[in-house]
$ cat protein31.cif   # mmCIF, C-alpha atoms and all ligand atoms
data_my_file
#
loop_
_atom_site.label_atom_id
_atom_site.label_comp_id
_atom_site.auth_asym_id
_atom_site.auth_seq_id
_atom_site.Cartn_x
_atom_site.Cartn_y
_atom_site.Cartn_z
CA MET A 1 28.69 18.91 -11.75
CA ARG A 2 27.72 15.30 -12.22
CA SER A 3 31.19 14.19 -13.34
CA SER A 4 32.97 15.97 -10.49
CA THR A 5 30.54 14.35 -8.05
CA THR A 6 31.23 10.99 -9.66
CA THR A 7 34.97 11.54 -9.40
CA ARG A 8 34.65 12.52 -5.78
CA THR A 9 32.55 9.44 -5.09
CA ARG A 10 35.10 7.21 -6.83
CA THR A 11 37.97 8.69 -4.88
CA ARG A 12 36.04 8.24 -1.66
CA THR A 13 35.17 4.66 -2.61
CA ARG A 14 38.78 3.87 -3.43
CA SER A 15 40.11 5.21 -0.16
CA ARG A 16 37.33 3.35 1.67
CA LEU A 17 38.36 0.16 -0.11
CA ARG A 18 41.97 0.69 0.94
CA LEU A 19 40.79 1.22 4.52
CA ALA A 20 38.64 -1.89 4.34
CA GLY A 21 41.60 -3.87 3.04
CA ALA A 22 43.78 -2.71 5.92
CA LEU A 23 41.01 -3.50 8.38
CA ALA A 24 40.56 -6.97 6.91
CA ALA A 25 44.27 -7.65 7.34
CA VAL A 26 44.04 -6.72 11.00
CA LEU A 27 40.93 -8.89 11.46
CA VAL A 28 42.53 -11.86 9.72
CA ALA A 29 45.54 -11.50 11.99
CA ALA A 30 43.10 -11.51 14.92
CA GLY A 31 41.39 -14.65 13.58
CA VAL A 32 38.06 -12.94 12.71
CA ALA A 33 36.15 -14.12 9.60
CA THR A 34 36.32 -11.74 6.66
CA GLY A 35 35.27 -14.15 3.90
CA PRO A 36 33.14 -13.25 0.88
CA VAL A 37 29.88 -13.72 2.84
CA ALA A 38 30.85 -11.31 5.57
CA GLN A 39 32.05 -8.84 2.95
CA ALA A 40 28.84 -9.18 0.95
CA ASP A 41 26.80 -8.55 4.11
CA GLU A 42 28.88 -5.49 4.77
CA ARG A 43 28.45 -4.22 1.23
CA ARG A 44 24.69 -4.70 1.43
CA GLY A 45 24.55 -2.63 4.59
CA LYS A 46 24.65 -4.29 7.96
CA GLU A 47 21.00 -4.79 8.92
CA PRO A 48 18.39 -6.78 6.98
CA THR A 49 15.62 -4.48 5.73
CA LEU A 50 11.95 -4.76 6.66
CA ALA A 51 11.46 -6.40 3.28
CA ASP A 52 14.24 -8.95 3.98
CA LEU A 53 12.67 -9.78 7.32
CA ALA A 54 9.16 -10.06 5.87
CA GLN A 55 10.41 -12.28 3.04
CA ARG A 56 11.64 -14.83 5.59
CA HIS A 57 7.96 -15.25 6.49
CA GLY A 58 6.87 -15.34 2.84
CA ARG A 59 5.35 -11.85 3.15
CA TYR A 60 6.08 -8.51 1.48
CA PHE A 61 6.60 -5.25 3.30
CA GLY A 62 5.65 -2.18 1.31
CA SER A 63 4.97 1.52 1.28
CA ALA A 64 2.75 3.85 -0.65
CA THR A 65 4.44 6.68 -2.49
CA ASP A 66 3.44 9.62 -4.64
CA ASN A 67 5.07 11.13 -7.72
CA PRO A 68 5.97 14.58 -6.31
CA GLU A 69 8.00 12.89 -3.57
CA LEU A 70 10.30 11.17 -6.01
CA THR A 71 12.52 14.24 -6.43
CA ASP A 72 13.53 13.78 -2.77
CA GLU A 73 16.61 11.61 -3.16
CA PRO A 74 17.16 10.50 0.46
CA TYR A 75 13.44 9.63 0.62
CA LYS A 76 13.64 7.75 -2.64
CA ALA A 77 16.73 5.82 -1.53
CA LEU A 78 15.00 4.45 1.58
CA LEU A 79 11.84 3.71 -0.42
CA GLY A 80 13.94 1.67 -2.82
CA SER A 81 15.96 -0.20 -0.21
CA GLU A 82 13.69 -0.91 2.76
CA PHE A 83 10.57 -2.13 0.91
CA ASP A 84 9.77 -4.81 -1.66
CA GLN A 85 6.33 -3.51 -2.63
CA ILE A 86 4.94 -0.08 -3.49
CA THR A 87 1.47 1.36 -4.01
CA PRO A 88 0.89 4.59 -5.91
CA GLY A 89 -0.85 6.89 -3.41
CA ASN A 90 -2.75 8.79 -6.09
CA SER A 91 -1.52 8.25 -9.61
CA MET A 92 -3.71 5.27 -10.55
CA LYS A 93 -6.94 6.84 -9.29
CA TRP A 94 -9.64 7.65 -11.81
CA TYR A 95 -9.01 11.43 -11.85
CA ALA A 96 -5.39 10.73 -12.75
CA THR A 97 -5.81 7.93 -15.29
CA GLU A 98 -8.86 9.20 -17.21
CA PRO A 99 -8.92 12.98 -16.70
CA ARG A 100 -11.19 13.43 -19.73
CA GLN A 101 -13.69 10.86 -20.88
CA GLY A 102 -11.91 8.30 -23.04
CA VAL A 103 -8.57 10.12 -22.75
CA PHE A 104 -6.19 8.08 -20.62
CA ASP A 105 -3.02 9.33 -18.95
CA PHE A 106 -0.71 6.68 -17.58
CA SER A 107 2.37 8.87 -17.24
CA LYS A 108 2.36 9.17 -13.45
CA GLY A 109 1.34 5.56 -12.84
CA ASP A 110 4.01 4.43 -15.29
CA GLU A 111 6.62 6.39 -13.35
CA ILE A 112 5.76 4.44 -10.20
CA VAL A 113 5.73 1.10 -12.03
CA GLU A 114 9.11 1.89 -13.60
CA LEU A 115 10.58 2.78 -10.20
CA ALA A 116 9.22 -0.46 -8.77
CA ARG A 117 10.73 -2.44 -11.64
CA ALA A 118 14.13 -0.82 -11.10
CA ASN A 119 13.95 -1.72 -7.39
CA HIS A 120 12.50 -5.23 -7.91
CA GLN A 121 9.33 -4.30 -6.04
CA LYS A 122 5.79 -5.59 -6.48
CA VAL A 123 3.08 -3.02 -7.22
CA ARG A 124 -0.41 -2.93 -5.73
CA GLY A 125 -2.70 -1.06 -8.11
CA HIS A 126 -4.89 1.46 -6.31
CA THR A 127 -7.77 1.89 -7.22
CA LEU A 128 -10.27 1.24 -10.03
CA VAL A 129 -13.71 1.97 -8.53
CA TRP A 130 -14.06 4.49 -5.71
CA HIS A 131 -16.42 7.34 -4.92
CA SER A 132 -13.59 9.75 -4.19
CA GLN A 133 -11.06 11.51 -6.44
CA LEU A 134 -13.23 10.96 -9.50
CA PRO A 135 -12.82 13.27 -12.52
CA GLY A 136 -15.32 16.12 -12.89
CA TRP A 137 -16.64 14.83 -16.21
CA LEU A 138 -17.90 11.73 -14.41
CA THR A 139 -19.47 13.35 -11.35
CA SER A 140 -20.94 16.50 -12.89
CA ARG A 141 -23.72 14.86 -14.86
CA GLU A 142 -26.33 12.16 -14.63
CA TRP A 143 -25.80 8.81 -16.35
CA THR A 144 -28.26 6.12 -17.28
CA ALA A 145 -27.36 2.66 -16.02
CA SER A 146 -26.29 1.47 -19.45
CA GLU A 147 -24.14 4.57 -20.05
CA LEU A 148 -22.40 4.26 -16.69
CA ARG A 149 -21.85 0.53 -17.13
CA ALA A 150 -20.08 1.20 -20.40
CA VAL A 151 -18.00 4.01 -18.86
CA LEU A 152 -17.02 1.84 -15.90
CA LYS A 153 -16.16 -1.18 -18.02
CA LYS A 154 -14.04 0.88 -20.37
CA HIS A 155 -12.21 2.56 -17.50
CA ILE A 156 -11.44 -0.68 -15.69
CA GLN A 157 -10.41 -2.60 -18.77
CA THR A 158 -8.26 0.14 -20.27
CA VAL A 159 -6.36 0.72 -17.04
CA VAL A 160 -5.94 -2.95 -16.13
CA ARG A 161 -4.92 -3.87 -19.68
CA HIS A 162 -2.33 -1.09 -19.72
CA TYR A 163 -0.70 -2.50 -16.59
CA ARG A 164 -1.26 -6.15 -17.41
CA GLY A 165 1.56 -8.30 -16.00
CA LYS A 166 2.99 -5.39 -14.01
CA ILE A 167 0.52 -5.22 -11.15
CA TYR A 168 0.57 -7.90 -8.47
CA ALA A 169 -2.84 -6.99 -7.03
CA TRP A 170 -5.57 -4.46 -7.76
CA ASP A 171 -7.83 -2.74 -5.28
CA VAL A 172 -10.74 -3.15 -7.67
CA VAL A 173 -13.42 -1.61 -5.47
CA ASN A 174 -12.49 0.71 -2.63
CA GLU A 175 -14.70 1.69 0.32
CA ALA A 176 -18.01 0.18 -0.86
CA PHE A 177 -19.70 -0.01 2.56
CA ASN A 178 -20.88 2.37 5.28
CA GLU A 179 -19.97 1.88 8.92
CA ASP A 180 -23.26 0.05 9.60
CA GLY A 181 -22.64 -2.44 6.79
CA THR A 182 -25.10 -0.94 4.30
CA TYR A 183 -23.90 -0.12 0.81
CA ARG A 184 -22.40 3.32 0.40
CA GLU A 185 -24.60 5.47 -1.87
CA THR A 186 -21.96 6.15 -4.49
CA ILE A 187 -22.62 7.13 -8.08
CA PHE A 188 -22.00 3.48 -8.97
CA TYR A 189 -24.34 1.99 -6.38
CA ARG A 190 -27.09 4.53 -7.05
CA THR A 191 -26.99 4.01 -10.79
CA LEU A 192 -26.07 0.34 -11.13
CA GLY A 193 -27.08 -1.33 -7.88
CA PRO A 194 -24.85 -3.66 -5.84
CA GLY A 195 -24.06 -5.79 -8.90
CA TYR A 196 -21.46 -3.21 -9.95
CA ILE A 197 -18.97 -4.92 -7.63
CA ALA A 198 -19.18 -8.36 -9.27
CA ASP A 199 -19.12 -6.71 -12.70
CA ALA A 200 -16.02 -4.69 -11.83
CA LEU A 201 -14.23 -7.83 -10.65
CA ARG A 202 -15.18 -9.77 -13.79
CA TRP A 203 -14.06 -6.95 -16.10
CA ALA A 204 -10.76 -6.57 -14.29
CA HIS A 205 -10.17 -10.32 -14.43
CA GLN A 206 -10.75 -10.39 -18.19
CA ALA A 207 -8.20 -7.62 -18.64
CA ASP A 208 -5.48 -9.27 -16.50
CA PRO A 209 -6.31 -12.84 -15.50
CA ARG A 210 -3.19 -13.13 -13.31
CA ALA A 211 -3.68 -10.07 -11.15
CA LYS A 212 -5.06 -10.68 -7.66
CA LEU A 213 -8.31 -8.78 -7.26
CA TYR A 214 -9.20 -7.16 -3.94
CA LEU A 215 -11.95 -5.30 -2.18
CA ASN A 216 -10.42 -2.72 0.16
CA ASP A 217 -11.75 -0.54 2.98
CA TYR A 218 -11.01 1.24 6.27
CA ASN A 219 -12.49 0.50 9.71
CA VAL A 220 -12.73 -3.17 8.80
CA GLU A 221 -9.83 -4.33 10.96
CA ALA A 222 -12.05 -5.47 13.82
CA ILE A 223 -14.99 -7.84 13.54
CA GLY A 224 -18.09 -5.64 13.35
CA PRO A 225 -20.93 -4.55 11.06
CA LYS A 226 -18.66 -3.20 8.34
CA SER A 227 -16.27 -6.16 8.15
CA ASP A 228 -19.28 -8.49 8.49
CA ALA A 229 -20.74 -6.90 5.35
CA TYR A 230 -17.52 -7.70 3.46
CA HIS A 231 -17.48 -11.21 4.83
CA ARG A 232 -21.04 -11.78 3.64
CA LEU A 233 -20.38 -10.24 0.24
CA ALA A 234 -17.11 -12.13 -0.25
CA LYS A 235 -18.84 -15.41 0.58
CA GLU A 236 -21.58 -14.69 -1.96
CA LEU A 237 -19.13 -13.64 -4.65
CA LYS A 238 -17.02 -16.76 -4.14
CA ALA A 239 -20.15 -18.95 -4.27
CA GLN A 240 -21.07 -17.29 -7.58
CA GLY A 241 -17.60 -17.87 -9.00
CA VAL A 242 -16.82 -14.16 -9.24
CA PRO A 243 -13.03 -13.58 -9.47
CA LEU A 244 -12.27 -12.21 -6.02
CA HIS A 245 -8.91 -13.09 -4.50
CA GLY A 246 -8.32 -10.85 -1.54
CA PHE A 247 -9.60 -8.49 1.08
CA GLY A 248 -7.55 -5.38 1.85
CA LEU A 249 -7.75 -3.84 5.29
CA GLN A 250 -6.50 -0.29 5.05
CA ALA A 251 -5.65 -0.11 8.77
CA HIS A 252 -5.67 3.65 9.19
CA LEU A 253 -5.65 3.44 12.98
CA ALA A 254 -5.84 6.27 15.52
CA LEU A 255 -4.60 6.01 19.11
CA GLN A 256 -7.70 7.78 20.45
CA TYR A 257 -10.07 5.13 19.01
CA GLY A 258 -8.42 2.01 20.43
CA TYR A 259 -6.72 -1.00 18.91
CA PRO A 260 -8.84 -3.45 16.85
CA ALA A 261 -8.28 -6.43 19.14
CA THR A 262 -10.15 -8.89 16.88
CA LEU A 263 -7.88 -8.23 13.88
CA GLU A 264 -6.28 -11.67 13.88
CA ASP A 265 -9.62 -13.51 14.13
CA ASN A 266 -10.97 -11.27 11.42
CA LEU A 267 -8.07 -12.07 9.08
CA ARG A 268 -8.62 -15.74 9.81
CA ARG A 269 -12.30 -15.74 8.88
CA PHE A 270 -11.50 -14.20 5.48
CA ALA A 271 -8.75 -16.77 4.97
CA ARG A 272 -11.35 -19.48 5.61
CA LEU A 273 -13.34 -18.13 2.67
CA GLY A 274 -10.32 -18.85 0.52
CA LEU A 275 -9.17 -15.25 0.32
CA ASP A 276 -5.81 -13.59 0.78
CA THR A 277 -5.78 -10.64 3.11
CA ALA A 278 -3.38 -7.71 3.31
CA LEU A 279 -2.91 -4.65 5.48
CA THR A 280 -2.90 -2.14 2.65
CA GLU A 281 -2.61 1.43 3.99
CA VAL A 282 -1.21 1.18 7.48
CA ASP A 283 -0.69 4.23 9.65
CA VAL A 284 -1.31 4.97 13.33
CA ARG A 285 -2.14 8.61 13.90
CA MET A 286 -2.32 10.46 17.19
CA PRO A 287 -3.42 13.82 18.49
CA LEU A 288 -0.40 16.13 18.27
CA PRO A 289 1.98 16.79 19.86
CA ALA A 290 3.57 13.36 19.80
CA THR A 291 4.92 12.38 23.21
CA GLU A 292 7.26 9.58 24.17
CA GLU A 293 4.29 7.76 25.65
CA LYS A 294 2.15 8.06 22.53
CA LEU A 295 5.05 6.98 20.34
CA ALA A 296 5.54 3.92 22.55
CA GLN A 297 1.87 3.02 22.27
CA GLN A 298 2.03 3.55 18.53
CA ALA A 299 5.01 1.19 18.37
CA ASP A 300 3.01 -1.46 20.26
CA TRP A 301 0.19 -1.17 17.72
CA TYR A 302 2.53 -1.53 14.78
CA ARG A 303 4.02 -4.60 16.47
CA GLU A 304 0.62 -6.14 17.19
CA MET A 305 -0.69 -5.55 13.68
CA THR A 306 2.41 -7.18 12.21
CA GLU A 307 2.12 -10.15 14.56
CA ALA A 308 -1.55 -10.57 13.64
CA CYS A 309 -0.67 -10.69 9.95
CA LEU A 310 2.20 -13.13 10.50
CA ALA A 311 -0.09 -15.39 12.54
CA VAL A 312 -2.48 -15.88 9.61
CA ARG A 313 -0.94 -17.70 6.69
CA ARG A 314 -3.02 -15.96 4.03
CA CYS A 315 -2.19 -12.47 5.25
CA VAL A 316 0.24 -11.86 2.42
CA GLY A 317 1.80 -8.54 3.28
CA ILE A 318 1.77 -5.13 4.89
CA THR A 319 1.87 -1.73 3.19
CA LEU A 320 2.48 1.54 5.04
CA TRP A 321 0.56 4.55 3.70
CA ASP A 322 3.91 6.10 2.92
CA TYR A 323 6.67 5.49 5.41
CA THR A 324 7.69 8.90 6.71
CA ASP A 325 5.77 11.65 8.51
CA ARG A 326 7.29 13.97 5.90
CA TYR A 327 4.74 12.70 3.36
CA SER A 328 1.86 11.42 5.46
CA TRP A 329 -1.66 12.33 4.28
CA ILE A 330 -2.88 12.62 7.89
CA PRO A 331 -2.18 16.26 8.86
CA ALA A 332 -3.99 17.57 5.77
CA VAL A 333 -7.10 15.47 6.35
CA PHE A 334 -7.24 15.21 10.18
CA PRO A 335 -6.21 18.63 11.51
CA GLY A 336 -4.32 18.41 14.80
CA GLU A 337 -3.35 14.77 14.21
CA GLY A 338 -0.25 13.22 12.70
CA ALA A 339 3.07 11.51 13.49
CA ALA A 340 1.42 8.39 12.07
CA LEU A 341 4.31 6.61 10.36
CA PRO A 342 7.40 4.67 11.49
CA TRP A 343 9.90 7.27 10.23
CA ASP A 344 9.74 10.90 11.36
CA GLU A 345 9.83 14.03 9.18
CA ASP A 346 13.63 13.92 9.10
CA LEU A 347 13.58 10.30 7.92
CA ARG A 348 14.77 9.11 11.32
CA PRO A 349 13.31 5.77 12.47
CA LYS A 350 10.85 6.06 15.36
CA PRO A 351 10.03 3.46 18.04
CA ALA A 352 7.43 2.04 15.63
CA TYR A 353 10.17 1.14 13.17
CA PHE A 354 12.08 -0.87 15.78
CA ALA A 355 8.82 -2.52 16.85
CA LEU A 356 8.21 -3.61 13.25
CA ARG A 357 11.70 -5.12 13.11
CA GLU A 358 11.11 -7.00 16.35
CA ALA A 359 7.77 -8.33 15.18
CA LEU A 360 9.32 -9.53 11.92
CA LYS A 361 12.31 -11.21 13.57
C1 LIG B 401 -5.17 9.63 0.08
C2 LIG B 401 -3.85 10.13 -0.45
O1 LIG B 401 -2.80 9.64 0.36
C3 LIG B 401 -3.83 11.66 -0.43
O2 LIG B 401 -2.65 12.15 -1.04
C4 LIG B 401 -5.04 12.17 -1.21
O3 LIG B 401 -5.08 13.57 -1.12
C5 LIG B 401 -6.32 11.58 -0.64
O4 LIG B 401 -6.24 10.17 -0.67
N1 LIG B 401 -7.97 5.69 1.73
C6 LIG B 401 -7.53 5.39 0.47
C7 LIG B 401 -6.45 6.20 -0.15
O5 LIG B 401 -7.93 4.37 -0.12
O6 LIG B 401 -6.58 6.31 -1.53
C8 LIG B 401 -6.37 7.58 0.47
O7 LIG B 401 -5.21 8.23 -0.06
C9 LIG B 401 -6.34 7.49 1.97
C10 LIG B 401 -7.58 6.83 2.50
#

$ encode --input "protein31.cif" --output "structure tokens"
Amino acid sequence: MRSSTTTRTRTRTRSRLRLAGALAAVLVAAGVATGPVAQADERRGKEPTLADLAQRHGRYFGSATDNPELTDEPYKALLGSEFDQITPGNSMKWYATEPRQGVFDFSKGDEIVELARANHQKVRGHTLVWHSQLPGWLTSREWTASELRAVLKKHIQTVVRHYRGKIYAWDVVNEAFNEDGTYRETIFYRTLGPGYIADALRWAHQADPRAKLYLNDYNVEAIGPKSDAYHRLAKELKAQGVPLHGFGLQAHLALQYGYPATLEDNLRRFARLGLDTALTEVDVRMPLPATEEKLAQQADWYREMTEACLAVRRCVGITLWDYTDRYSWIPAVFPGEGAALPWDEDLRPKPAYFALREALK
């Protein structure tokens, strides 16, 4: 099967090469350039990718992905060619990496890291401390503060050490605040108090001193109580010399809730604290069905978000929360909503994709 496919491919390639040769001869006769550069461009595929375009601005352009999707070859091909950064959508979360206490499983995370290596992509590690998708052994009993501190430290350090040198940036703490800017009452906050955040950052830094360490959350794109809480906390942590390097704005937007018009100013005020920022989980969902009008508005939002990031030097990159509606998390979690990503379920680019290209040009 494989060898006959290979043979077929070779035959096709050879006849294509012959065709290309004939075409080149015609073009040369017509005085059109067919030098090595033009040929290399042609071989690479005509258009620069989103990653190529972002790189011209010193940014990355990435996508989340998840292990089950990697058997989908057309999906995987685009993931490998269009993006220069990937984030594992689930496989580095606590339930996946430490399914039993002290028993670590890096198989799925390793698969993503290996894929990224093969495609020369950076990896954002997601996520070390979060109240969601925790293993049952952790949530189903009470812990004293000193027990939980030890559990948390061991988890962070074992995971970060395993991926040392392979992860560009870690979402160390995810979703620590409520909408009103108070601390979320997670198992970590309840048991350890707010100091768990500084501790987590210090432990992660010890385990991989070169990884960029981020706090990450949703509904923090605009200036408001929740992003204010991060701004305050980040300022304090920096003043205390805690290793914090970036602030991740998930940017799970929804057409029905309006565009966060203060995004650019918000990015700027974090930059002024000496932090990188990144749009880490971008999607723009809408009530279904998708209409031409909604898709056009969605495209505008993708364009505006990209322009906001490009306008702020320390906004280092943009990551889609997967790139195709085929694998979006939205329909499962927000019933009746979807169509949130720049490629549709058939992997066809939507208006949002062309808007991204324009913004990056
Ligand atoms: C989502 C994944 O995409 C889903 O597959 C999973 O079922 C639930 O989590 N904010 C985050 C991400 O930080 O980890 C979430 O990912 C989406 C919201």

$ atom_distance --input "protein31.cif" --atom1 "CA of Asn174 (chain A)" --atom2 "CA of Asp208 (chain A)"
18.5 Å

$ residues_near_ligand --input "protein31.cif" --ligand "ligand LIG 401 (chain B)" --cutoff "10 Å" --atoms "all atoms listed in the file" --output "PyMOL selection string"
chain A and resi 64-66+87-93+126-127+130+132-133+171+173-175+216-218+248-252+280-282+321-322+327-330+332-333

$ write_last_selection --input "protein31.cif" --atoms "C-alpha atoms" --output "PDB file, in the coordinates of the input"
ATOM      1  CA  ALA A  64       2.750   3.850  -0.650  1.00  0.00           C
ATOM      2  CA  THR A  65       4.440   6.680  -2.490  1.00  0.00           C
ATOM      3  CA  ASP A  66       3.440   9.620  -4.640  1.00  0.00           C
ATOM      4  CA  THR A  87       1.470   1.360  -4.010  1.00  0.00           C
ATOM      5  CA  PRO A  88       0.890   4.590  -5.910  1.00  0.00           C
ATOM      6  CA  GLY A  89      -0.850   6.890  -3.410  1.00  0.00           C
ATOM      7  CA  ASN A  90      -2.750   8.790  -6.090  1.00  0.00           C
ATOM      8  CA  SER A  91      -1.520   8.250  -9.610  1.00  0.00           C
ATOM      9  CA  MET A  92      -3.710   5.270 -10.550  1.00  0.00           C
ATOM     10  CA  LYS A  93      -6.940   6.840  -9.290  1.00  0.00           C
ATOM     11  CA  HIS A 126      -4.890   1.460  -6.310  1.00  0.00           C
ATOM     12  CA  THR A 127      -7.770   1.890  -7.220  1.00  0.00           C
ATOM     13  CA  TRP A 130     -14.060   4.490  -5.710  1.00  0.00           C
ATOM     14  CA  SER A 132     -13.590   9.750  -4.190  1.00  0.00           C
ATOM     15  CA  GLN A 133     -11.060  11.510  -6.440  1.00  0.00           C
ATOM     16  CA  ASP A 171      -7.830  -2.740  -5.280  1.00  0.00           C
ATOM     17  CA  VAL A 173     -13.420  -1.610  -5.470  1.00  0.00           C
ATOM     18  CA  ASN A 174     -12.490   0.710  -2.630  1.00  0.00           C
ATOM     19  CA  GLU A 175     -14.700   1.690   0.320  1.00  0.00           C
ATOM     20  CA  ASN A 216     -10.420  -2.720   0.160  1.00  0.00           C
ATOM     21  CA  ASP A 217     -11.750  -0.540   2.980  1.00  0.00           C
ATOM     22  CA  TYR A 218     -11.010   1.240   6.270  1.00  0.00           C
ATOM     23  CA  GLY A 248      -7.550  -5.380   1.850  1.00  0.00           C
ATOM     24  CA  LEU A 249      -7.750  -3.840   5.290  1.00  0.00           C
ATOM     25  CA  GLN A 250      -6.500  -0.290   5.050  1.00  0.00           C
ATOM     26  CA  ALA A 251      -5.650  -0.110   8.770  1.00  0.00           C
ATOM     27  CA  HIS A 252      -5.670   3.650   9.190  1.00  0.00           C
ATOM     28  CA  THR A 280      -2.900  -2.140   2.650  1.00  0.00           C
ATOM     29  CA  GLU A 281      -2.610   1.430   3.990  1.00  0.00           C
ATOM     30  CA  VAL A 282      -1.210   1.180   7.480  1.00  0.00           C
ATOM     31  CA  TRP A 321       0.560   4.550   3.700  1.00  0.00           C
ATOM     32  CA  ASP A 322       3.910   6.100   2.920  1.00  0.00           C
ATOM     33  CA  TYR A 327       4.740  12.700   3.360  1.00  0.00           C
ATOM     34  CA  SER A 328       1.860  11.420   5.460  1.00  0.00           C
ATOM     35  CA  TRP A 329      -1.660  12.330   4.280  1.00  0.00           C
ATOM     36  CA  ILE A 330      -2.880  12.620   7.890  1.00  0.00           C
ATOM     37  CA  ALA A 332      -3.990  17.570   5.770  1.00  0.00           C
ATOM     38  CA  VAL A 333      -7.100  15.470   6.350  1.00  0.00           C
TER      39      VAL A 333
END

$ atom_distance --input "protein31.cif" --atom1 "CA of Arg161 (chain A)" --atom2 "CA of Pro243 (chain A)"
16.3 Å

$ atom_distance --input "protein31.cif" --atom1 "CA of Leu128 (chain A)" --atom2 "CA of Asn178 (chain A)"
18.7 Å

$ residues_around --input "protein31.cif" --residues "Glu307 (chain A)" --least-positions-apart "5" --cutoff "12 Å" --atoms "only C-alpha atoms" --output "list in words"
Ala54, His57, Arg59, Ala261, Leu263, Glu264, Leu267, Leu279, Asp300, Trp301, Tyr302, Val312, Arg313, Cys315, Gly317, Ile318, Ala355, Leu356, Arg357, Glu358, Ala359, Leu360 and Lys361 of chain A

$ closest_residue --input "protein31.cif" --among "A:Val151, A:Glu221, A:Glu82, A:His231" --to "Gln55 (chain A)" --atoms "all atoms listed in the file"
A:Glu82

$ closest_residue --input "protein31.cif" --among "A:Phe188, A:Tyr95, A:Tyr230, A:Tyr214" --to "Gly125 (chain A)" --atoms "only C-alpha atoms"
A:Tyr214

$ closest_residue --input "protein31.cif" --among "A:Thr97, A:Gln121, A:Thr144, A:Ser63" --to "Val160 (chain A)" --atoms "all atoms listed in the file"
A:Thr97

$ closest_residue --input "protein31.cif" --among "A:Phe334, A:Pro48, A:Ala311, A:Pro135" --to "Arg268 (chain A)" --atoms "all atoms listed in the file"
A:Ala311

$ axis_aligned_box --input "protein31.cif" --around "region 332-338 of chain A" --padding-each-side "5 Å" --output "AutoDock Vina command-line options"
--center_x -3.7 --center_y 15.9 --center_z 10.3 --size_x 17.0 --size_y 15.4 --size_z 19.0

$ residues_around --input "protein31.cif" --residues "Leu138 (chain A)" --least-positions-apart "4" --cutoff "12 Å" --atoms "all atoms listed in the file" --output "list in words"
Trp94, Tyr95, Glu98, Pro99, Arg100, Gln101, Gly102, Trp130, His131, Ser132, Gln133, Leu134, Glu142, Trp143, Glu147, Leu148, Val151, Leu152, His155, Ile187 and Phe188 of chain A

$ write_last_selection --input "protein31.cif" --atoms "C-alpha atoms" --output "mmCIF file, keeping the file's coordinate frame"
data_model
loop_
_atom_site.group_PDB
_atom_site.id
_atom_site.type_symbol
_atom_site.label_atom_id
_atom_site.label_comp_id
_atom_site.auth_asym_id
_atom_site.auth_seq_id
_atom_site.Cartn_x
_atom_site.Cartn_y
_atom_site.Cartn_z
ATOM 1 C CA TRP A 94 -9.640 7.650 -11.810
ATOM 2 C CA TYR A 95 -9.010 11.430 -11.850
ATOM 3 C CA GLU A 98 -8.860 9.200 -17.210
ATOM 4 C CA PRO A 99 -8.920 12.980 -16.700
ATOM 5 C CA ARG A 100 -11.190 13.430 -19.730
ATOM 6 C CA GLN A 101 -13.690 10.860 -20.880
ATOM 7 C CA GLY A 102 -11.910 8.300 -23.040
ATOM 8 C CA TRP A 130 -14.060 4.490 -5.710
ATOM 9 C CA HIS A 131 -16.420 7.340 -4.920
ATOM 10 C CA SER A 132 -13.590 9.750 -4.190
ATOM 11 C CA GLN A 133 -11.060 11.510 -6.440
ATOM 12 C CA LEU A 134 -13.230 10.960 -9.500
ATOM 13 C CA GLU A 142 -26.330 12.160 -14.630
ATOM 14 C CA TRP A 143 -25.800 8.810 -16.350
ATOM 15 C CA GLU A 147 -24.140 4.570 -20.050
ATOM 16 C CA LEU A 148 -22.400 4.260 -16.690
ATOM 17 C CA VAL A 151 -18.000 4.010 -18.860
ATOM 18 C CA LEU A 152 -17.020 1.840 -15.900
ATOM 19 C CA HIS A 155 -12.210 2.560 -17.500
ATOM 20 C CA ILE A 187 -22.620 7.130 -8.080
ATOM 21 C CA PHE A 188 -22.000 3.480 -8.970
#

$ decode --input "protein31.cif" --residues "region 52-69 of chain A" --atoms "C-alpha atoms" --output "PDB file, in the first residue's frame"
ATOM      1  CA  ASP A  52       5.772  33.750   7.720  1.00  0.00           C
ATOM      2  CA  LEU A  53       3.786  36.968   7.873  1.00  0.00           C
ATOM      3  CA  ALA A  54       3.906  37.141  11.678  1.00  0.00           C
ATOM      4  CA  GLN A  55       7.659  36.474  11.679  1.00  0.00           C
ATOM      5  CA  ARG A  56       8.210  39.616   9.604  1.00  0.00           C
ATOM      6  CA  HIS A  57       6.879  41.491  12.643  1.00  0.00           C
ATOM      7  CA  GLY A  58       8.961  39.415  15.074  1.00  0.00           C
ATOM      8  CA  ARG A  59       5.831  37.591  16.283  1.00  0.00           C
ATOM      9  CA  TYR A  60       4.717  33.964  16.194  1.00  0.00           C
ATOM     10  CA  PHE A  61       1.366  32.755  14.937  1.00  0.00           C
ATOM     11  CA  GLY A  62       0.172  29.537  16.526  1.00  0.00           C
ATOM     12  CA  SER A  63      -2.656  27.119  17.085  1.00  0.00           C
ATOM     13  CA  ALA A  64      -3.734  24.803  19.842  1.00  0.00           C
ATOM     14  CA  THR A  65      -4.099  21.159  18.948  1.00  0.00           C
ATOM     15  CA  ASP A  66      -5.118  17.937  20.652  1.00  0.00           C
ATOM     16  CA  ASN A  67      -3.773  14.406  20.322  1.00  0.00           C
ATOM     17  CA  PRO A  68      -6.876  12.693  18.872  1.00  0.00           C
ATOM     18  CA  GLU A  69      -6.833  15.156  15.965  1.00  0.00           C
TER      19      GLU A  69
END
